[in-house]
Each structure stands twice: as C-alpha cells, then as structure tokens.
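The block underneath contains the structure these notes are about, expressed in structure tokens.
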Amino acid sequence: MEMEMNMEYVGTSLICEICMKTKKQVLHTGTFAVFGPLAQPILAWVGEDVLLPCHLSPKTDVQEMMVKWVRGPLVVHMYHMQKEIMVVQAPLFKGRTKMLKQNMTEGKVTVLIRHVQPSDSGRYTCYFQAGTFYNETSFDLQVAEHQKQPLSVTGPAQLIQAEQGEDVTLSCKLSPKIDAQDMIVNWFRNKTLVHWEPIREKLEESQNVELQGRTEPQKCNMTEGKVTLRIQQVQVSDSGPYTCQFQSLEYHSEAHFELQVAEPQHYKGAQRPPRPNSTYQGIPKMSKTHGYPALG
C-alpha cells in the first residue's frame, strides 16, 4: 500500500513538473476546441482493440504539446514534447496502449487500447495543453460480452436517385425486429457524420457543415426496428456512399447504400418524363450489412 501511494505521488509530481515545463518551453497564443469520436458512446466487445480518437479545431500541430488520456484519476496514456511518458501510466493500462501519431500535424491523435475488458468501461477524457492554454473533451467507452444472437441491418436495395433541390428519405430496418428506441443510430456519408439519434449536445460541431439544418429523423416506426432520415433540399455534393449504424450494449450493426443527386433537367415544350421514386426504385444496388463491435 505504501509503495502504491509513493508511486501515485511520484506520478502526480511528474505530471505537475511536466505541466510547468510545458508552460515555460511552449509559447502558444491561440486557442482551440477539442473533439472526441463522432460515434458516442464507443461500444466494443470483450477482447477487441479500441481506438480513442481526438482532434483539435482549428487544425493545430500538436507535436510540441502535452496530450493526455485519463479515465477518472487513472492516466491511460500521456505524450509530451515528442515523447511518450510511460512512468505515469496506470498499471491497468501498462503494455496495452499505443499512440497513433500519423496526423499530429493536423491536430489529430488517437490512442489504441488492446484487448479491452468490462473493467475498461467508463468515462475517458482527452486533454491538450500548449503553453498556459489547455482544453479537453470527454466520452464514454462501454465494453460488453458478445451478442447472443445475430442482428442485421437492411438499407435500400437500390441506388437512391434524386434531383438537386428535392427532399430525400433514407430508411433502414433491423432484422429480426427489435425495438430501436433505446439504441444509438448514427448516419454517415463516407466517414462524415450526417446525423445521430438521440440528438446529443454539440451535434452541429461534429455534423457535416453542408448538411446542418437539413436533416430530420422520423421516429414513428422505431418500436419495429425501422429508422428513417429525411434530407431536405439535397445538393449534388450530398451524393456518395451512406451508412446507417445501430449501436447498443448488446448489438452493433450497420448497412451501406448510395445516394446519387443530379442537377435538375429543363424540358422545353414537353412534359417532364416520370422518374423513379427517390427511395425505393432506380438502378439495383445491393446493400451490405455487418455485425461487429465499434472501434471508435
């Protein structure tokens, strides 16, 4: 017990010393905001590896900063002035973490935790300090046993086609039918957030700027495992691959489909020919379904 207290004291003292050195060595007059994972909470199965990503806005080179991940009083991983400070790391995480540094010049950092267990569940904080300025963000990690029965998500089985300026409806459903009211539903275009449900704080800070104010969920059939998202006044730039993702402690599954938006056609002296419905008709394109744990 005495040794543990001494180690805690040493770790705390070292962190304080590092903070003081950071203030002296790094001059930083700007400010920044810190953002965590798009899909929250992070859900994972026991034994999987999990990514805890954070990034700064505006983009800021973090190579000379102090970056720290903590869970409560426990230091998960710490980086300072181009070095990883392992002596302060909590014993629970020793040998299980790795920092991914490829995008540090763009203000993006990620810590990987290997072989997560239920004891790793909890609220994590990502902390950045440059000079005397610091900021942080927090998010939850939930680790669960493997799902007892398979769960699949089905999206539109065809390419969704629309003209610029129209409203488009995107629909997905669970199989077998499961009440989705208590689940987290995330919608992405490529890897960019389109919408999440239930709506949490700071949606607009993580949401694709071009889609802000144009997405509207429809919840009337969620008890039957059906979710629908309406995108108003679609633009050509809204085209691309979309993902609807369901998450809960027991399940994680998603479906993929594609939206194609064309510029409006003008017909002179003739009636516009009928066009397939935006949601259910068009060029056949099979949706893909997956069932696996979230990696953040």
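By convention here, the chains of the structure tokens are called A, B, ... in the order presented, each chain's residues are numbered starting at 1, and ligands are numbered starting at 1 in the order presented.
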Find the residues around Gln260 of chain A up to 10 Å (only C-alpha atoms counted), leave out those fewer than 5 positions away in its own chain, and share them as a ChimeraX atom specification.
-> /A:159-164,234-241,278
Writing out the chosen residues with N, CA and C atoms as a PDB file, in the first residue's frame:
```
ATOM      1  N   LEU A 159     -29.930   1.858 -55.771  1.00  0.00           N
ATOM      2  CA  LEU A 159     -29.343   3.194 -55.787  1.00  0.00           C
ATOM      3  C   LEU A 159     -30.452   4.234 -55.625  1.00  0.00           C
ATOM      4  N   ILE A 160     -30.292   5.149 -54.669  1.00  0.00           N
ATOM      5  CA  ILE A 160     -31.272   6.215 -54.462  1.00  0.00           C
ATOM      6  C   ILE A 160     -30.916   7.373 -55.389  1.00  0.00           C
ATOM      7  N   GLN A 161     -31.856   7.777 -56.226  1.00  0.00           N
ATOM      8  CA  GLN A 161     -31.630   8.848 -57.180  1.00  0.00           C
ATOM      9  C   GLN A 161     -32.537  10.034 -56.876  1.00  0.00           C
ATOM     10  N   ALA A 162     -32.009  11.226 -57.008  1.00  0.00           N
ATOM     11  CA  ALA A 162     -32.791  12.437 -56.750  1.00  0.00           C
ATOM     12  C   ALA A 162     -32.212  13.581 -57.568  1.00  0.00           C
ATOM     13  N   GLU A 163     -33.021  14.636 -57.722  1.00  0.00           N
ATOM     14  CA  GLU A 163     -32.545  15.851 -58.369  1.00  0.00           C
ATOM     15  C   GLU A 163     -32.270  16.912 -57.314  1.00  0.00           C
ATOM     16  N   GLN A 164     -31.326  17.755 -57.604  1.00  0.00           N
ATOM     17  CA  GLN A 164     -30.955  18.831 -56.689  1.00  0.00           C
ATOM     18  C   GLN A 164     -32.188  19.650 -56.320  1.00  0.00           C
ATOM     19  N   VAL A 234     -31.700  18.364 -51.231  1.00  0.00           N
ATOM     20  CA  VAL A 234     -30.410  17.729 -51.475  1.00  0.00           C
ATOM     21  C   VAL A 234     -29.619  18.458 -52.558  1.00  0.00           C
ATOM     22  N   GLN A 235     -28.315  18.420 -52.426  1.00  0.00           N
ATOM     23  CA  GLN A 235     -27.401  19.049 -53.367  1.00  0.00           C
ATOM     24  C   GLN A 235     -26.555  17.956 -54.051  1.00  0.00           C
ATOM     25  N   VAL A 236     -25.958  18.300 -55.171  1.00  0.00           N
ATOM     26  CA  VAL A 236     -25.088  17.354 -55.868  1.00  0.00           C
ATOM     27  C   VAL A 236     -23.972  16.880 -54.934  1.00  0.00           C
ATOM     28  N   SER A 237     -23.505  17.780 -54.067  1.00  0.00           N
ATOM     29  CA  SER A 237     -22.429  17.433 -53.132  1.00  0.00           C
ATOM     30  C   SER A 237     -22.872  16.427 -52.069  1.00  0.00           C
ATOM     31  N   ASP A 238     -24.192  16.175 -51.931  1.00  0.00           N
ATOM     32  CA  ASP A 238     -24.689  15.174 -50.982  1.00  0.00           C
ATOM     33  C   ASP A 238     -24.550  13.753 -51.521  1.00  0.00           C
ATOM     34  N   SER A 239     -24.189  13.606 -52.785  1.00  0.00           N
ATOM     35  CA  SER A 239     -24.039  12.282 -53.392  1.00  0.00           C
ATOM     36  C   SER A 239     -22.913  11.507 -52.717  1.00  0.00           C
ATOM     37  N   GLY A 240     -23.046  10.173 -52.724  1.00  0.00           N
ATOM     38  CA  GLY A 240     -21.981   9.344 -52.183  1.00  0.00           C
ATOM     39  C   GLY A 240     -22.502   8.164 -51.397  1.00  0.00           C
ATOM     40  N   PRO A 241     -21.603   7.368 -50.830  1.00  0.00           N
ATOM     41  CA  PRO A 241     -21.997   6.210 -50.023  1.00  0.00           C
ATOM     42  C   PRO A 241     -22.451   6.635 -48.625  1.00  0.00           C
ATOM     43  N   SER A 278     -37.444   8.402 -55.237  1.00  0.00           N
ATOM     44  CA  SER A 278     -36.092   8.655 -54.736  1.00  0.00           C
ATOM     45  C   SER A 278     -35.588   7.577 -53.784  1.00  0.00           C
TER      46      SER A 278
END
```
Within 10 Å of Gly122 of chain A using only C-alpha atoms, minus same-chain residues under 6 positions, as number ranges by chain | A: 41, 71-72, 139-143
Those same residues, written as an mmCIF file, in the first residue's frame with N, CA, C and O atoms?
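File again22.cif, as written:
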```cif
data_model
loop_
_atom_site.group_PDB
_atom_site.id
_atom_site.type_symbol
_atom_site.label_atom_id
_atom_site.label_comp_id
_atom_site.auth_asym_id
_atom_site.auth_seq_id
_atom_site.Cartn_x
_atom_site.Cartn_y
_atom_site.Cartn_z
ATOM 1 N N PRO A 41 -21.756 6.690 -27.334
ATOM 2 C CA PRO A 41 -20.507 6.210 -26.744
ATOM 3 C C PRO A 41 -19.800 5.221 -27.659
ATOM 4 O O PRO A 41 -20.395 4.712 -28.605
ATOM 5 N N ARG A 71 -8.881 8.209 -17.434
ATOM 6 C CA ARG A 71 -10.194 7.690 -17.039
ATOM 7 C C ARG A 71 -10.302 7.893 -15.540
ATOM 8 O O ARG A 71 -9.668 7.180 -14.763
ATOM 9 N N GLY A 72 -11.063 8.893 -15.166
ATOM 10 C CA GLY A 72 -11.095 9.285 -13.762
ATOM 11 C C GLY A 72 -9.707 9.721 -13.330
ATOM 12 O O GLY A 72 -9.037 10.498 -14.016
ATOM 13 N N PHE A 139 -15.752 11.412 -23.245
ATOM 14 C CA PHE A 139 -16.660 10.500 -23.928
ATOM 15 C C PHE A 139 -16.654 9.170 -23.184
ATOM 16 O O PHE A 139 -15.771 8.914 -22.356
ATOM 17 N N ASP A 140 -17.625 8.324 -23.464
ATOM 18 C CA ASP A 140 -17.777 7.056 -22.750
ATOM 19 C C ASP A 140 -17.360 5.871 -23.606
ATOM 20 O O ASP A 140 -17.606 5.838 -24.822
ATOM 21 N N LEU A 141 -16.748 4.889 -22.955
ATOM 22 C CA LEU A 141 -16.450 3.592 -23.569
ATOM 23 C C LEU A 141 -17.253 2.537 -22.821
ATOM 24 O O LEU A 141 -17.219 2.480 -21.591
ATOM 25 N N GLN A 142 -17.991 1.710 -23.569
ATOM 26 C CA GLN A 142 -18.771 0.634 -22.972
ATOM 27 C C GLN A 142 -18.339 -0.687 -23.594
ATOM 28 O O GLN A 142 -18.402 -0.861 -24.813
ATOM 29 N N VAL A 143 -17.880 -1.594 -22.740
ATOM 30 C CA VAL A 143 -17.393 -2.900 -23.194
ATOM 31 C C VAL A 143 -18.377 -3.970 -22.745
ATOM 32 O O VAL A 143 -18.743 -4.034 -21.568
#
```
Distance criterion (only C-alpha atoms): nearest to Thr137 of chain A out of A:Val116, A:Met222, A:Met86, A:Val34 | A:Val34
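If you look at atom CA of Pro58 of chain A and atom CA of Gly107 of chain A, they are 8.1 Å away from each other.
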So that I can check the surroundings of His195 of chain A, please list as a PDB file with all heavy atoms, in the first residue's frame every protein, DNA and RNA residue that reaches within 8 Å of it, counting only C-alpha atoms and ignoring chain neighbours fewer than 2 positions away.
```pdb
ATOM      1  N   ASN A 186     -26.575   6.148 -35.823  1.00  0.00           N
ATOM      2  CA  ASN A 186     -25.685   7.114 -36.476  1.00  0.00           C
ATOM      3  C   ASN A 186     -25.822   6.995 -37.984  1.00  0.00           C
ATOM      4  O   ASN A 186     -25.900   5.884 -38.526  1.00  0.00           O
ATOM      5  CB  ASN A 186     -24.218   6.847 -36.094  1.00  0.00           C
ATOM      6  CG  ASN A 186     -23.978   6.954 -34.608  1.00  0.00           C
ATOM      7  OD1 ASN A 186     -24.257   7.970 -33.987  1.00  0.00           O
ATOM      8  ND2 ASN A 186     -23.459   5.897 -34.006  1.00  0.00           N
ATOM      9  N   TRP A 187     -25.847   8.142 -38.652  1.00  0.00           N
ATOM     10  CA  TRP A 187     -25.876   8.188 -40.112  1.00  0.00           C
ATOM     11  C   TRP A 187     -24.598   8.867 -40.585  1.00  0.00           C
ATOM     12  O   TRP A 187     -24.230   9.935 -40.095  1.00  0.00           O
ATOM     13  CB  TRP A 187     -27.084   8.978 -40.616  1.00  0.00           C
ATOM     14  CG  TRP A 187     -28.421   8.419 -40.218  1.00  0.00           C
ATOM     15  CD1 TRP A 187     -29.075   8.606 -39.041  1.00  0.00           C
ATOM     16  CD2 TRP A 187     -29.271   7.586 -41.020  1.00  0.00           C
ATOM     17  NE1 TRP A 187     -30.283   7.944 -39.050  1.00  0.00           N
ATOM     18  CE2 TRP A 187     -30.435   7.307 -40.258  1.00  0.00           C
ATOM     19  CE3 TRP A 187     -29.168   7.058 -42.309  1.00  0.00           C
ATOM     20  CZ2 TRP A 187     -31.480   6.532 -40.743  1.00  0.00           C
ATOM     21  CZ3 TRP A 187     -30.209   6.279 -42.795  1.00  0.00           C
ATOM     22  CH2 TRP A 187     -31.354   6.022 -42.016  1.00  0.00           C
ATOM     23  N   PHE A 188     -23.899   8.251 -41.549  1.00  0.00           N
ATOM     24  CA  PHE A 188     -22.661   8.807 -42.080  1.00  0.00           C
ATOM     25  C   PHE A 188     -22.717   8.881 -43.604  1.00  0.00           C
ATOM     26  O   PHE A 188     -23.374   8.059 -44.248  1.00  0.00           O
ATOM     27  CB  PHE A 188     -21.454   7.940 -41.690  1.00  0.00           C
ATOM     28  CG  PHE A 188     -21.210   7.827 -40.218  1.00  0.00           C
ATOM     29  CD1 PHE A 188     -21.691   6.746 -39.496  1.00  0.00           C
ATOM     30  CD2 PHE A 188     -20.493   8.798 -39.540  1.00  0.00           C
ATOM     31  CE1 PHE A 188     -21.465   6.622 -38.131  1.00  0.00           C
ATOM     32  CE2 PHE A 188     -20.258   8.695 -38.171  1.00  0.00           C
ATOM     33  CZ  PHE A 188     -20.742   7.612 -37.478  1.00  0.00           C
ATOM     34  N   LEU A 193     -20.089  12.549 -40.282  1.00  0.00           N
ATOM     35  CA  LEU A 193     -21.374  12.442 -39.602  1.00  0.00           C
ATOM     36  C   LEU A 193     -22.452  13.238 -40.325  1.00  0.00           C
ATOM     37  O   LEU A 193     -22.284  14.412 -40.628  1.00  0.00           O
ATOM     38  CB  LEU A 193     -21.245  12.951 -38.162  1.00  0.00           C
ATOM     39  CG  LEU A 193     -22.525  12.890 -37.324  1.00  0.00           C
ATOM     40  CD1 LEU A 193     -22.903  11.442 -37.041  1.00  0.00           C
ATOM     41  CD2 LEU A 193     -22.349  13.651 -36.018  1.00  0.00           C
ATOM     42  N   GLU A 197     -28.925   9.896 -33.516  1.00  0.00           N
ATOM     43  CA  GLU A 197     -30.158   9.849 -32.745  1.00  0.00           C
ATOM     44  C   GLU A 197     -29.948   8.892 -31.570  1.00  0.00           C
ATOM     45  O   GLU A 197     -29.476   7.765 -31.783  1.00  0.00           O
ATOM     46  CB  GLU A 197     -31.300   9.366 -33.641  1.00  0.00           C
ATOM     47  CG  GLU A 197     -32.683   9.485 -33.037  1.00  0.00           C
ATOM     48  CD  GLU A 197     -33.098  10.931 -32.790  1.00  0.00           C
ATOM     49  OE1 GLU A 197     -32.724  11.816 -33.563  1.00  0.00           O
ATOM     50  OE2 GLU A 197     -33.807  11.142 -31.789  1.00  0.00           O
ATOM     51  N   LEU A 203     -24.157  18.562 -31.653  1.00  0.00           N
ATOM     52  CA  LEU A 203     -24.359  17.869 -32.918  1.00  0.00           C
ATOM     53  C   LEU A 203     -23.752  18.662 -34.062  1.00  0.00           C
ATOM     54  O   LEU A 203     -23.022  18.121 -34.897  1.00  0.00           O
ATOM     55  CB  LEU A 203     -25.852  17.642 -33.178  1.00  0.00           C
ATOM     56  CG  LEU A 203     -26.218  17.153 -34.591  1.00  0.00           C
ATOM     57  CD1 LEU A 203     -25.584  15.800 -34.867  1.00  0.00           C
ATOM     58  CD2 LEU A 203     -27.733  17.083 -34.769  1.00  0.00           C
ATOM     59  N   GLN A 207     -21.269  17.497 -36.995  1.00  0.00           N
ATOM     60  CA  GLN A 207     -22.022  17.212 -38.208  1.00  0.00           C
ATOM     61  C   GLN A 207     -21.395  17.872 -39.434  1.00  0.00           C
ATOM     62  O   GLN A 207     -20.784  18.943 -39.341  1.00  0.00           O
ATOM     63  CB  GLN A 207     -23.459  17.709 -38.037  1.00  0.00           C
ATOM     64  CG  GLN A 207     -24.412  17.295 -39.144  1.00  0.00           C
ATOM     65  CD  GLN A 207     -25.806  17.880 -38.911  1.00  0.00           C
ATOM     66  OE1 GLN A 207     -25.945  18.980 -38.384  1.00  0.00           O
ATOM     67  NE2 GLN A 207     -26.828  17.139 -39.309  1.00  0.00           N
ATOM     68  N   THR A 215     -31.308  17.942 -41.941  1.00  0.00           N
ATOM     69  CA  THR A 215     -31.627  16.550 -41.614  1.00  0.00           C
ATOM     70  C   THR A 215     -32.725  16.485 -40.569  1.00  0.00           C
ATOM     71  O   THR A 215     -32.753  17.263 -39.617  1.00  0.00           O
ATOM     72  CB  THR A 215     -30.380  15.810 -41.088  1.00  0.00           C
ATOM     73  OG1 THR A 215     -29.871  16.478 -39.920  1.00  0.00           O
ATOM     74  CG2 THR A 215     -29.296  15.772 -42.155  1.00  0.00           C
TER      75      THR A 215
END
```
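We find atom CA of Ala157 of chain A and atom CA of Lys173 of chain A to be spaced 11.9 Å apart.
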Could you name the residues that touch Met104 of chain A at 8 Å or less, counting only C-alpha atoms, but leaving out those on the same chain fewer than 2 positions away, as a PyMOL selection string?
-> chain A and resi 61-63+101-102+106-109
Output for the residues just chosen: C-alpha atoms as an mmCIF file, in the first residue's frame:
```
data_model
loop_
_atom_site.group_PDB
_atom_site.id
_atom_site.type_symbol
_atom_site.label_atom_id
_atom_site.label_comp_id
_atom_site.auth_asym_id
_atom_site.auth_seq_id
_atom_site.Cartn_x
_atom_site.Cartn_y
_atom_site.Cartn_z
ATOM 1 C CA ASP A 61 0.135 20.951 -34.853
ATOM 2 C CA VAL A 62 0.201 19.069 -31.540
ATOM 3 C CA GLN A 63 3.732 17.634 -31.724
ATOM 4 C CA LYS A 101 0.870 9.824 -34.459
ATOM 5 C CA GLN A 102 0.464 9.945 -38.254
ATOM 6 C CA GLU A 106 -3.244 18.271 -38.417
ATOM 7 C CA GLY A 107 -4.274 18.197 -34.755
ATOM 8 C CA LYS A 108 -5.423 14.542 -34.773
ATOM 9 C CA VAL A 109 -4.271 11.988 -32.204
#
```
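When atom CA of Gln245 of chain A is paired with atom CA of Lys59 of chain A, their separation reads 27.7 Å.
With only C-alpha atoms as the atoms that count, the residue of A:Met81, A:Val46, A:Cys244, A:Leu38 with the shortest distance to Pro156 of chain A is A:Cys244.
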So which residues touch Ala180 of chain A within 9 Å, counting only C-alpha atoms, skipping near sequence neighbours fewer than 6 positions away, as a list in words?
-> Leu174, Asn221, Met222, Thr223, Glu224, Gly225, Lys226, Val227 and Phe246 of chain A
Restricting the calculation to only C-alpha atoms, which member of A:Arg189, A:Arg230, A:Lys98, A:His146 is positioned closest to Trp45 of chain A?
-> A:His146
Going by DSSP on the backbone, which bits of segment 51-234 of chain A are helix (DSSP H, G or I)? Write them as a count of residues only, please.
-> 19
Rank nothing, just name the residue among A:Glu216, A:Asp49, A:Glu258, A:Glu263 nearest to Arg114 of chain A, using only C-alpha atoms.
-> A:Asp49
Could you write out, as a PyMOL selection string, all the residues of segment 46-224 of chain A that DSSP marks as strand (DSSP E)?
-> chain A and resi 50-57+66-71+74-80+83-84+97-100+108-113+122-130+133-144+152-154+160-163+168-175+184-189+192-197+215-218
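Comparing the minimum interatomic distances between Phe35 of chain A and each of A:Ile85, A:Ser119, A:Thr125, A:Leu74, counting only C-alpha atoms, we find that A:Thr125 sits nearest.
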